[in-house]
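S.K.: Got a structure for you, written out below as C-alpha cells; questions coming shortly.
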Amino acid sequence: EDQVIYVLSSAGRLYRSGNYGNTWEEETSSGKLKGLDSGQSYDIYEQTGIKQILFHHGRPREIFFIGANGKHWATLDEGNSYIQPCGFQLPGDTQCIQHPGGDTARMTNPFLKLHPSKKAWILALVRRDACFDRDSRTWCADDLFMSRDFGISWSNLTENAKGRIAGFVDFDWADEGPGDDGSNPTILASVYLQRADLDKRRYHDWDKNVDLIRTTDFFVSVKEESM
C-alpha cells in the first residue's frame, strides 16, 4: 500500500513522508535534489525551490518536479531516487532532465502538462529567448515542446509546423475518443498563425486573431477548429 506523501509549500520547499505523514523530511534541504543550494533562503516572492508537482493518480510512483531557474527533477519510484537536472548528475547517472527550449528558455503558465494516459509524455509552453533580448532578430513568441521520456529530451513542435504557426498561446492534450489507441494523440492549441497577428497581440483581453487548432501528427499538419 502506498505510504508516500509529498507536500509543497508556497515558498517552494518540498517535504516527503514515507509513512503516511507520521514523520517528514525536507527534500529541498536534504541534498537529494542536486542543483538546489541547501543553504538558500526560500521566499514566496523569489524564484527558488520547487514551483509545481506533476503526477498521475494512476501512476503515483512517477513524479515530475518543476523547479525555478530552469532546473527540474523526476522520480520513477516515489522519491527513493531522483533523476537530476542536466549538469548536476551523480556519478554513474546515465540520464538527466533537460529544460525544454534550452537552459535560458523560460516556461510560461500553464507550465507543463502530462498526457492523461501515455506514460512519460509531457507538453511544455516555453517563451523564446527573443522576448528578453532587445537585439534579437527573432520575434517574441511562445513555442510548444514535447517530451516522450519524462523530460530527458524535448522536440520543438513549432518547428514541426514549418512556418504555419507563428506562436502558441495555450495548449492541452485532447481526450482520447472511442477506438483511439493513443499512438497519435490529439493536441489542441490556441495559436497565432500569422506573424502580423502576433505583432498585434493583446496580452490581457480576448484576441480575435487567435485561432484554435488541433493536430494528430504533432503539427506537421494543422487543422483549424471553428469557435
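Following the order of the C-alpha cells, first chain is A, next is B, and so on, with residues numbered from 1 inside each chain and ligands from 1 in the order they appear.
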Give me the residues near Glu25 in chain A as a list of chain:residue names, where near means some atom within 10 Å (using only C-alpha atoms) and where sequence neighbours in that chain fewer than 5 positions away do not count.
M.R.: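 So the residues in contact are A:Tyr6, A:Leu14, A:Tyr15, A:Arg16, A:Ser17, A:Gly18, A:Ser30.
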S.K.: Do you know which residues are at most 12 Å from Leu90 in chain A counting only C-alpha atoms, after dropping those on the same chain fewer than 2 positions away, and could you put them as an MDAnalysis selection string?
M.R.: chainID A and resid 31:35 81:88 92:96
S.K.: Got time to write the residues from that selection, N, CA, C and O atoms, as a CSV table (one decimal), in the first residue's frame?
M.R.:
```
chain,number,residue,atom,x,y,z
A,31,GLY,N,19.8,17.5,0.2
A,31,GLY,CA,20.9,17.2,-0.7
A,31,GLY,C,20.5,16.2,-1.8
A,31,GLY,O,21.4,15.9,-2.7
A,32,LYS,N,19.3,15.7,-1.8
A,32,LYS,CA,18.9,14.7,-2.7
A,32,LYS,C,18.6,15.3,-4.1
A,32,LYS,O,18.8,14.7,-5.1
A,33,LEU,N,18.2,16.6,-4.1
A,33,LEU,CA,17.8,17.3,-5.3
A,33,LEU,C,19.0,18.1,-5.7
A,33,LEU,O,19.2,19.3,-5.2
A,34,LYS,N,19.9,17.7,-6.6
A,34,LYS,CA,21.1,18.4,-6.9
A,34,LYS,C,20.7,19.6,-7.8
A,34,LYS,O,19.8,19.6,-8.6
A,35,GLY,N,21.5,20.6,-7.6
A,35,GLY,CA,21.3,21.9,-8.3
A,35,GLY,C,20.6,22.9,-7.4
A,35,GLY,O,20.5,24.1,-7.7
A,81,SER,N,14.7,7.5,-5.4
A,81,SER,CA,15.9,8.1,-6.2
A,81,SER,C,15.3,9.1,-7.1
A,81,SER,O,14.1,9.2,-7.4
A,82,TYR,N,16.2,10.0,-7.5
A,82,TYR,CA,15.8,11.1,-8.4
A,82,TYR,C,16.6,11.2,-9.7
A,82,TYR,O,17.8,10.9,-9.6
A,83,ILE,N,16.0,11.6,-10.8
A,83,ILE,CA,16.7,11.9,-12.0
A,83,ILE,C,17.0,13.4,-11.9
A,83,ILE,O,16.1,14.2,-11.7
A,84,GLN,N,18.3,13.7,-11.9
A,84,GLN,CA,18.8,15.1,-11.6
A,84,GLN,C,18.7,16.0,-12.9
A,84,GLN,O,18.7,15.5,-14.0
A,85,PRO,N,18.8,17.3,-12.7
A,85,PRO,CA,18.9,18.2,-13.9
A,85,PRO,C,20.2,18.0,-14.6
A,85,PRO,O,21.2,17.6,-14.0
A,86,CYS,N,20.2,18.2,-15.9
A,86,CYS,CA,21.4,18.1,-16.7
A,86,CYS,C,22.4,19.1,-16.1
A,86,CYS,O,22.1,20.2,-15.9
A,87,GLY,N,23.7,18.6,-16.0
A,87,GLY,CA,24.7,19.4,-15.4
A,87,GLY,C,24.9,19.2,-13.9
A,87,GLY,O,25.8,19.7,-13.3
A,88,PHE,N,24.0,18.4,-13.3
A,88,PHE,CA,24.0,18.1,-11.9
A,88,PHE,C,23.9,16.7,-11.6
A,88,PHE,O,23.4,16.3,-10.5
A,92,GLY,N,27.8,8.0,-12.3
A,92,GLY,CA,27.1,6.8,-12.7
A,92,GLY,C,25.8,7.1,-13.4
A,92,GLY,O,25.2,6.2,-14.0
A,93,ASP,N,25.2,8.3,-13.2
A,93,ASP,CA,23.9,8.6,-13.8
A,93,ASP,C,24.1,8.6,-15.4
A,93,ASP,O,25.0,9.1,-15.9
A,94,THR,N,23.1,8.0,-16.0
A,94,THR,CA,23.1,7.9,-17.5
A,94,THR,C,22.0,8.8,-18.1
A,94,THR,O,22.0,8.9,-19.3
A,95,GLN,N,21.2,9.4,-17.2
A,95,GLN,CA,20.1,10.2,-17.7
A,95,GLN,C,20.0,11.5,-16.9
A,95,GLN,O,20.4,11.5,-15.7
A,96,CYS,N,19.5,12.5,-17.5
A,96,CYS,CA,19.2,13.8,-16.8
A,96,CYS,C,18.0,14.5,-17.4
A,96,CYS,O,17.7,14.2,-18.5
```
S.K.: Near Ser221 in chain A, counting only C-alpha atoms, which residues have an atom at most 9 Å away, once you skip same-chain residues fewer than 2 positions from it, shown as a PyMOL selection string?
M.R.: chain A and resi 160-161+164+215-219+223
S.K.: May I have the selected residues written with N, CA and C atoms, as a PDB file, in the first residue's frame?
M.R.:
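Result saved to again-v5.pdb:
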```pdb
ATOM      1  N   ASN A 160       7.967  21.811 -36.139  1.00  0.00           N
ATOM      2  CA  ASN A 160       7.255  20.818 -36.958  1.00  0.00           C
ATOM      3  C   ASN A 160       6.303  21.482 -37.948  1.00  0.00           C
ATOM      4  N   ALA A 161       5.730  22.630 -37.546  1.00  0.00           N
ATOM      5  CA  ALA A 161       4.737  23.305 -38.385  1.00  0.00           C
ATOM      6  C   ALA A 161       5.366  24.023 -39.572  1.00  0.00           C
ATOM      7  N   ARG A 164       3.900  27.486 -40.390  1.00  0.00           N
ATOM      8  CA  ARG A 164       2.444  27.639 -40.412  1.00  0.00           C
ATOM      9  C   ARG A 164       1.891  28.122 -39.081  1.00  0.00           C
ATOM     10  N   THR A 215      -4.249  18.858 -33.820  1.00  0.00           N
ATOM     11  CA  THR A 215      -3.335  18.061 -34.633  1.00  0.00           C
ATOM     12  C   THR A 215      -3.293  16.639 -34.115  1.00  0.00           C
ATOM     13  N   THR A 216      -3.106  15.716 -35.028  1.00  0.00           N
ATOM     14  CA  THR A 216      -2.871  14.315 -34.656  1.00  0.00           C
ATOM     15  C   THR A 216      -1.501  13.860 -35.142  1.00  0.00           C
ATOM     16  N   ASP A 217      -0.714  14.807 -35.666  1.00  0.00           N
ATOM     17  CA  ASP A 217       0.631  14.453 -36.143  1.00  0.00           C
ATOM     18  C   ASP A 217       1.673  15.468 -35.646  1.00  0.00           C
ATOM     19  N   PHE A 218       1.414  16.037 -34.458  1.00  0.00           N
ATOM     20  CA  PHE A 218       2.360  16.934 -33.795  1.00  0.00           C
ATOM     21  C   PHE A 218       2.641  18.187 -34.618  1.00  0.00           C
ATOM     22  N   PHE A 219       1.567  18.705 -35.270  1.00  0.00           N
ATOM     23  CA  PHE A 219       1.571  19.965 -36.011  1.00  0.00           C
ATOM     24  C   PHE A 219       2.361  19.907 -37.317  1.00  0.00           C
ATOM     25  N   LYS A 223      -5.005  21.711 -38.424  1.00  0.00           N
ATOM     26  CA  LYS A 223      -6.440  21.738 -38.708  1.00  0.00           C
ATOM     27  C   LYS A 223      -7.079  22.793 -37.823  1.00  0.00           C
TER      28      LYS A 223
END
```
S.K.: If we count only C-alpha atoms and set the cut-off at 6 Å, which residues sit around range 188-198 of chain A, ignoring sequence neighbours fewer than 3 positions away in its own chain? Please answer as a list in words.
M.R.: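 Near range 188-198 of chain A, the qualifying residues are Ile165, Ala166, Gly167, Phe168, Val169, Asp170, Phe171, Asp172, Arg201, Asn209, Val210, Asp211, Leu212, Ile213 and Arg214 of chain A.
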S.K.: When DSSP works through the backbone of this structure, what residues of range 70-103 of chain A end up as strand (DSSP E), shown as a PyMOL selection string?
M.R.: chain A and resi 72-75
